[in-house]
Amino acid sequence: MSVVTNTTTIGAIEAPSRRNTELALLAFAVAIPVFAYLAVGLAIDGKVPPGMLGYGAGLTLLAGVAHLVVRKFAPYADPLLLPLGTLLNGLGLVLIWRLDQSPRLIQRATSAYGSFSPDAPKQMLYSAIGIAMFVGVLLVLKDHRVLQRYTYISMVAALVLLLLPLVPGLGSDVFGAKIWINVAGFSIQPGEFAKLVLAVFFSGYLMVKRDALALASRRFMGLYLPRGRDLGPIVTIWAVSLLILVFENDLGTSLLFFGMFVIMLYVATERTSWIVIGLLMSAGGAVVVGSTASHVQSRVAAWLDPFGCLKTAPEGSNMANACDQMTQVLMSFGSGGILGTGLGQGNSDLIGFAANSDFIFATVGEELGLAGVMVFLLLYGLIIERGVRTALAARDPFGKLLAMGLSGAFALQVFVVAGGVMGLIPLTGMTMPFLAYGGSSVIANWALIGVLIRISDTARRPAPSPAPNPDAEMTQVVRP
Amino acid sequence: MNKPLRRVAIFCGLLVLALLLRDNWLQYVRADELNANPKNKRVQIERYSNERGNIIVDGKPITGSVDSGDNFYAFKRTYVDGRMWAPVTGYASQAFDANQIEKIEDGILTGNDDRLFFDRTLSMFTGEKKKGGDVVTTLSGAAQRAAFKGLGSKTGAVVAIEPSTGKILALASTPSYDPGSFAGYHDKDAQAWQALEKDKNKPKLNRALREIYPPGSVFKVVTAAAALESGKVKDINAATDTPEGWKIPLSTVPMKNHASGCTNASLNEALRVSCNSVFAKLGDDVGRDKMVEMAEKFGFNAEQFTPVRSAASVYDKKADRGGNALSSIGQFNTATTPLQMAMVTAAIANDGKLMKPYMIDQLRAPNLDVIKKTEPEELSRPVSQSTAQQLQAMMENVVEKGTGANAALDIDGVRVGGKTGTAQHGEKNAKRPYAWFISYAKTDQGSPVAVAVVVEDSAGTDREDITGGGLAAPIAKAVMKAVLKSKS
């Protein structure tokens, strides 16, 4: 630092904060779901839905609060993430409300549980908690690098979260998957939160160990294998979490964690060998799980030839159920065609079970058609793109890894859910982020957006102007 | 770290791209296939999602729709006098699909037909509920009632046609069924359906259009037409060279007559008393190919589309001489639908011009705009006007002085022509014969109605009493009367 350049006479050129862009986009993100709500009401009852004002006001309030918090506490944040989340969450509420109106689903619930309670108001509450979580993340987390300190605490927390559903009395087995816990009348899916915490652990650990992992390795069969003491802990944690998930019958989340782990390892070490190892391991895992778990087998059969396996599967068996579900979902998409039947005018409720959670994307397919599904996929694509851009822009390796891990996990989740529902890959029960009914999912995803916004704010924040040099004087000659 | 980051970004992009491609494959390429899948309940849900249009007779609907208060199928089909009209309407069932007019005009009835597009778009703006269009039939309620009542508990069918246009006026078939009994999809609908399926009297069979019967003696009018057209008989009152017990060619069996006075009987006389020998010999004289030609001009060996498809009546194109001679009196392989015999009668009554039979007059949009009107269409000219008039003279003779006396109408200015038939069937004619009667009524303004009646195996009637004249002619008479009455 031989030369000190005086910049006090010229103010630092601030990067545009884009907060007004965000506000304008938010206006759209609120208006579109409100109109969608109106469309459903008109289609089903032929009149303006009574809850329209409340719904519109609620969504505006949530978006407004979130925007003000971002404006105040993360002024340089990416302007797209919040509007995208708001739009998807708002449309998800409309779709859930639409399915609440289905007399078939009401009858189904009444005959199965003796009563029916609409899910949309609950989802509205969850969304509010989600926004509160988002606000909380921004308020508490002034700088994402703070999270580095909690690397090992995160590890423990992730394991605890994953183990919770296995605790007797706390966990509950719902439809074969032991991934819920019951707290004070609410069901929570701790796995959704474990995703975030695990990403923090991976980022913190890999940031420290990345050089060791990348360089201190032995060459074996053309691949660079790292030393055990570097890789050991992380593989252990990862393997333990996978084992837990296998016990809990939650394959979607296992795949998600695995994918996130491989992506982050690859980004941290810049070694292609990780991709190869990852693919080999996942192929091995798929074979083992596929040949042992019967419900996986039925899902694979339903994926390969749903209409065929419906004929061959024994009546009332698991396989018949899986195949029937898959055919209903496919026919839902088919009947939507290019433009869809229109909101509220489809028959996606024929899917019955989990129509508003795991299979909500089929309602999009039927009622908004090919055009609507592509819009939704592009909205998700934009969130992923903004996440990756944040990772690219982040100046610190921890932020890079965390942003990448989170957006990678988000991308994988969208792919696994949408691909499963559309029959591209075998079905695994997971929720479409923001769209599907489920409190844990909405809250965790709002937290994820909050962390991404915090990282992007740090990344895009202009470098602080240097403190005025006490030695500097106005008349000082600037030397070349 | 940016290089792997970019690569992962590309990978994420590929994931989204794969989803987009898959979605296009699913919703664009495979959409039609998925929609046509029989497992897809949406077609049925759509069919009953709004009030279905009606089938109209004499300006009044014979069908209806009720709000079924059901989560799957909002509306259910109802029928007015379902048993009587079933051969016309067919059925539309939530569980068992639909048939006949209900199926053929499903697009109009549900309101989904492309021709209703403008109407649908309009009601979208006016906020009216979507409703199906109506199918206006050519049928006459009075004629149908007369036919259905006439058949009563007997098994059989009646077809009445307006000869000058081809409009079907009555289309009855017994035993019948109530299409409303299985219009829903619940257990009782399934039970009603199963019961009908198992019923050995086959109530679901549309005997007027889909069953083919040996026509017996009523076919003799076709043979007479062929004889006159080919010039084998020039004078209907001249004696023919027919011995009693004329031997069937290629066999040693003599052709028996139930009637007396058939030796060398004239064509007129032979038709009046229904001589087998005379007509078998005439058929043989005319020759198989000419007989086939005549039968086909009347519509044999082809399905008719009214638009409900009929079975094809049969005149054997490959029969040997003996077979042809037997075919000429409506035995051997000859088999015909009641519709076909009504067409024959109508062509004769219409002075030789056969009009295409039809039963849908108009298709109407929900706002009563006519979308399509069926115009009468000439199907063929089986016989010349003079031949037709000679045939009329002979058939009127049958009613006035012959076997068809039961069909005589005592109405001034109305002439009635007819022909009876008692068709044997079964191995060695062991089963009860079919009683046939075909007839027409004619005034100076032309012929308003031609009827064909067949009564199968009527229980409760002595075998000897089963004759076309005794069983079938009164039904034909009632139908003709009903039509004439409604016209006047």
# chains A, B, ... in the order shown; residues from 1 in each chain; ligands from 1
$ interface_residues --of "chain A" --to "chain B" --cutoff "7 Å" --atoms "only C-alpha atoms" --output "ChimeraX atom specification"
/A:103-104,266-268,270,331,333-338,370,374,377,381,388,392,411,415,419,422,424
$ select_by_dssp --residues "region 293-445 of chain B" --states "strand (DSSP E or B)" --output "PyMOL selection string"
chain B and resi 305+309+314+335-336+354-355+358+360-364+370-373+378-380+415-423+434-443
$ residues_around --residues "Met255 (chain B)" --least-positions-apart "2" --cutoff "12 Å" --atoms "only C-alpha atoms" --output "number ranges by chain"
B: 242-249, 251-253, 257-259, 262-263, 275-281, 322, 325-326, 329, 331
$ residues_around --residues "Tyr177 (chain B)" --least-positions-apart "2" --cutoff "8 Å" --atoms "only C-alpha atoms" --output "number ranges by chain"
B: 82-83, 86, 175, 179, 196, 203-204
$ residues_around --residues "Val364 (chain A)" --least-positions-apart "2" --cutoff "12 Å" --atoms "only C-alpha atoms" --output "ChimeraX atom specification"
/A:36,88,91-92,94-96,98-99,329,332-349,355-356,359-362,366-377,418,421-422,432,435-436 /B:23,27
$ write_last_selection --atoms "C-alpha atoms" --output "short mmCIF file (atom, residue, chain, number, x, y, z; two decimals), in the first residue's frame"
data_model
loop_
_atom_site.label_atom_id
_atom_site.label_comp_id
_atom_site.auth_asym_id
_atom_site.auth_seq_id
_atom_site.Cartn_x
_atom_site.Cartn_y
_atom_site.Cartn_z
CA ALA A 36 -56.45 -15.68 -10.25
CA LEU A 88 -45.53 -18.47 -6.37
CA LEU A 91 -50.71 -18.62 -6.75
CA GLY A 92 -50.18 -21.65 -4.53
CA VAL A 94 -55.21 -19.78 -4.99
CA LEU A 95 -54.69 -23.36 -6.17
CA ILE A 96 -55.15 -24.74 -2.65
CA ARG A 98 -59.53 -23.88 -5.55
CA LEU A 99 -59.10 -27.50 -4.44
CA VAL A 329 -52.02 -37.30 -12.78
CA SER A 332 -54.90 -34.41 -15.62
CA PHE A 333 -51.99 -33.03 -17.58
CA GLY A 334 -53.36 -34.45 -20.82
CA SER A 335 -56.76 -32.88 -20.42
CA GLY A 336 -55.20 -29.49 -19.78
CA GLY A 337 -53.78 -29.39 -23.27
CA ILE A 338 -52.12 -26.21 -24.43
CA LEU A 339 -54.16 -23.53 -22.69
CA GLY A 340 -55.77 -25.54 -19.93
CA THR A 341 -59.39 -25.73 -18.88
CA GLY A 342 -59.23 -22.50 -16.92
CA LEU A 343 -58.84 -22.03 -13.20
CA GLY A 344 -61.56 -23.81 -11.27
CA GLN A 345 -62.83 -25.64 -14.32
CA GLY A 346 -60.66 -28.73 -14.39
CA ASN A 347 -61.11 -32.12 -12.81
CA SER A 348 -57.69 -32.50 -11.23
CA ASP A 349 -59.46 -33.38 -7.97
CA ALA A 355 -54.12 -33.33 -4.67
CA ASN A 356 -53.15 -30.07 -3.02
CA PHE A 359 -49.71 -33.38 -6.84
CA ILE A 360 -50.60 -29.72 -6.91
CA PHE A 361 -48.60 -29.33 -10.09
CA ALA A 362 -51.16 -31.51 -11.87
CA GLU A 366 -54.94 -29.22 -16.06
CA GLU A 367 -56.28 -25.77 -15.37
CA LEU A 368 -53.54 -23.56 -16.77
CA GLY A 369 -52.33 -25.95 -19.44
CA LEU A 370 -48.97 -26.25 -21.13
CA ALA A 371 -48.63 -22.48 -21.17
CA GLY A 372 -49.21 -22.22 -17.43
CA VAL A 373 -46.86 -25.08 -16.54
CA MET A 374 -44.11 -23.56 -18.63
CA VAL A 375 -44.61 -20.21 -16.90
CA PHE A 376 -44.33 -21.90 -13.52
CA LEU A 377 -41.21 -23.79 -14.56
CA ALA A 418 -42.20 -31.72 -11.19
CA VAL A 421 -45.49 -35.68 -11.24
CA MET A 422 -45.02 -35.40 -15.00
CA MET A 432 -43.35 -28.11 -4.85
CA LEU A 435 -46.97 -23.97 -4.34
CA ALA A 436 -47.88 -27.05 -2.35
CA ASP B 23 -44.27 -31.05 -20.34
CA GLN B 27 -49.51 -31.79 -22.82
#
$ closest_residue --among "B:Gly53, B:Gly446, B:Gly402, B:Gly184" --to "Ala95 (chain B)" --atoms "only C-alpha atoms"
B:Gly184
$ select_by_dssp --residues "region 204-446 of chain A" --states "alpha helix (DSSP H)" --output "count of residues only"
175
$ decode --residues "region 56-104 of chain B" --atoms "C-alpha atoms" --output "PDB file, in the first residue's frame"
ATOM      1  CA  ILE B  56     -88.001 -33.638 -29.400  1.00  0.00           C
ATOM      2  CA  VAL B  57     -91.087 -35.344 -30.800  1.00  0.00           C
ATOM      3  CA  ASP B  58     -94.071 -33.285 -31.971  1.00  0.00           C
ATOM      4  CA  GLY B  59     -92.500 -30.214 -30.418  1.00  0.00           C
ATOM      5  CA  LYS B  60     -92.349 -31.803 -26.964  1.00  0.00           C
ATOM      6  CA  PRO B  61     -89.231 -33.278 -25.351  1.00  0.00           C
ATOM      7  CA  ILE B  62     -89.226 -37.021 -24.747  1.00  0.00           C
ATOM      8  CA  THR B  63     -86.101 -36.722 -22.633  1.00  0.00           C
ATOM      9  CA  GLY B  64     -85.083 -34.558 -19.734  1.00  0.00           C
ATOM     10  CA  SER B  65     -82.232 -33.750 -17.381  1.00  0.00           C
ATOM     11  CA  VAL B  66     -82.366 -33.582 -13.628  1.00  0.00           C
ATOM     12  CA  ASP B  67     -79.803 -32.115 -11.305  1.00  0.00           C
ATOM     13  CA  SER B  68     -78.544 -35.280  -9.685  1.00  0.00           C
ATOM     14  CA  GLY B  69     -76.867 -33.447  -6.817  1.00  0.00           C
ATOM     15  CA  ASP B  70     -73.843 -35.624  -7.411  1.00  0.00           C
ATOM     16  CA  ASN B  71     -70.192 -34.726  -7.143  1.00  0.00           C
ATOM     17  CA  PHE B  72     -69.170 -36.513 -10.282  1.00  0.00           C
ATOM     18  CA  TYR B  73     -72.041 -36.132 -12.688  1.00  0.00           C
ATOM     19  CA  ALA B  74     -74.067 -33.015 -12.133  1.00  0.00           C
ATOM     20  CA  PHE B  75     -77.016 -33.945 -14.346  1.00  0.00           C
ATOM     21  CA  LYS B  76     -78.793 -37.185 -14.959  1.00  0.00           C
ATOM     22  CA  ARG B  77     -80.809 -38.167 -18.004  1.00  0.00           C
ATOM     23  CA  THR B  78     -84.506 -38.808 -17.607  1.00  0.00           C
ATOM     24  CA  TYR B  79     -86.938 -40.204 -20.132  1.00  0.00           C
ATOM     25  CA  VAL B  80     -90.614 -39.593 -20.772  1.00  0.00           C
ATOM     26  CA  ASP B  81     -92.195 -42.897 -21.739  1.00  0.00           C
ATOM     27  CA  GLY B  82     -88.740 -44.401 -21.884  1.00  0.00           C
ATOM     28  CA  ARG B  83     -89.919 -47.854 -22.898  1.00  0.00           C
ATOM     29  CA  MET B  84     -91.860 -46.568 -25.845  1.00  0.00           C
ATOM     30  CA  TRP B  85     -89.139 -44.251 -27.104  1.00  0.00           C
ATOM     31  CA  ALA B  86     -86.052 -46.340 -26.297  1.00  0.00           C
ATOM     32  CA  PRO B  87     -85.679 -47.620 -29.889  1.00  0.00           C
ATOM     33  CA  VAL B  88     -85.538 -43.988 -31.013  1.00  0.00           C
ATOM     34  CA  THR B  89     -83.516 -42.279 -28.315  1.00  0.00           C
ATOM     35  CA  GLY B  90     -81.187 -45.012 -27.219  1.00  0.00           C
ATOM     36  CA  TYR B  91     -79.757 -44.369 -23.784  1.00  0.00           C
ATOM     37  CA  ALA B  92     -77.288 -42.044 -22.117  1.00  0.00           C
ATOM     38  CA  SER B  93     -75.977 -43.561 -18.931  1.00  0.00           C
ATOM     39  CA  GLN B  94     -73.358 -42.171 -16.587  1.00  0.00           C
ATOM     40  CA  ALA B  95     -71.956 -45.655 -16.131  1.00  0.00           C
ATOM     41  CA  PHE B  96     -72.665 -47.372 -19.434  1.00  0.00           C
ATOM     42  CA  ASP B  97     -71.927 -44.734 -22.042  1.00  0.00           C
ATOM     43  CA  ALA B  98     -74.594 -43.965 -24.631  1.00  0.00           C
ATOM     44  CA  ASN B  99     -75.974 -45.245 -27.912  1.00  0.00           C
ATOM     45  CA  GLN B 100     -78.161 -44.363 -30.860  1.00  0.00           C
ATOM     46  CA  ILE B 101     -79.253 -40.695 -31.080  1.00  0.00           C
ATOM     47  CA  GLU B 102     -77.936 -40.003 -27.594  1.00  0.00           C
ATOM     48  CA  LYS B 103     -74.496 -41.061 -28.786  1.00  0.00           C
ATOM     49  CA  ILE B 104     -74.575 -39.954 -32.422  1.00  0.00           C
TER      50      ILE B 104
END
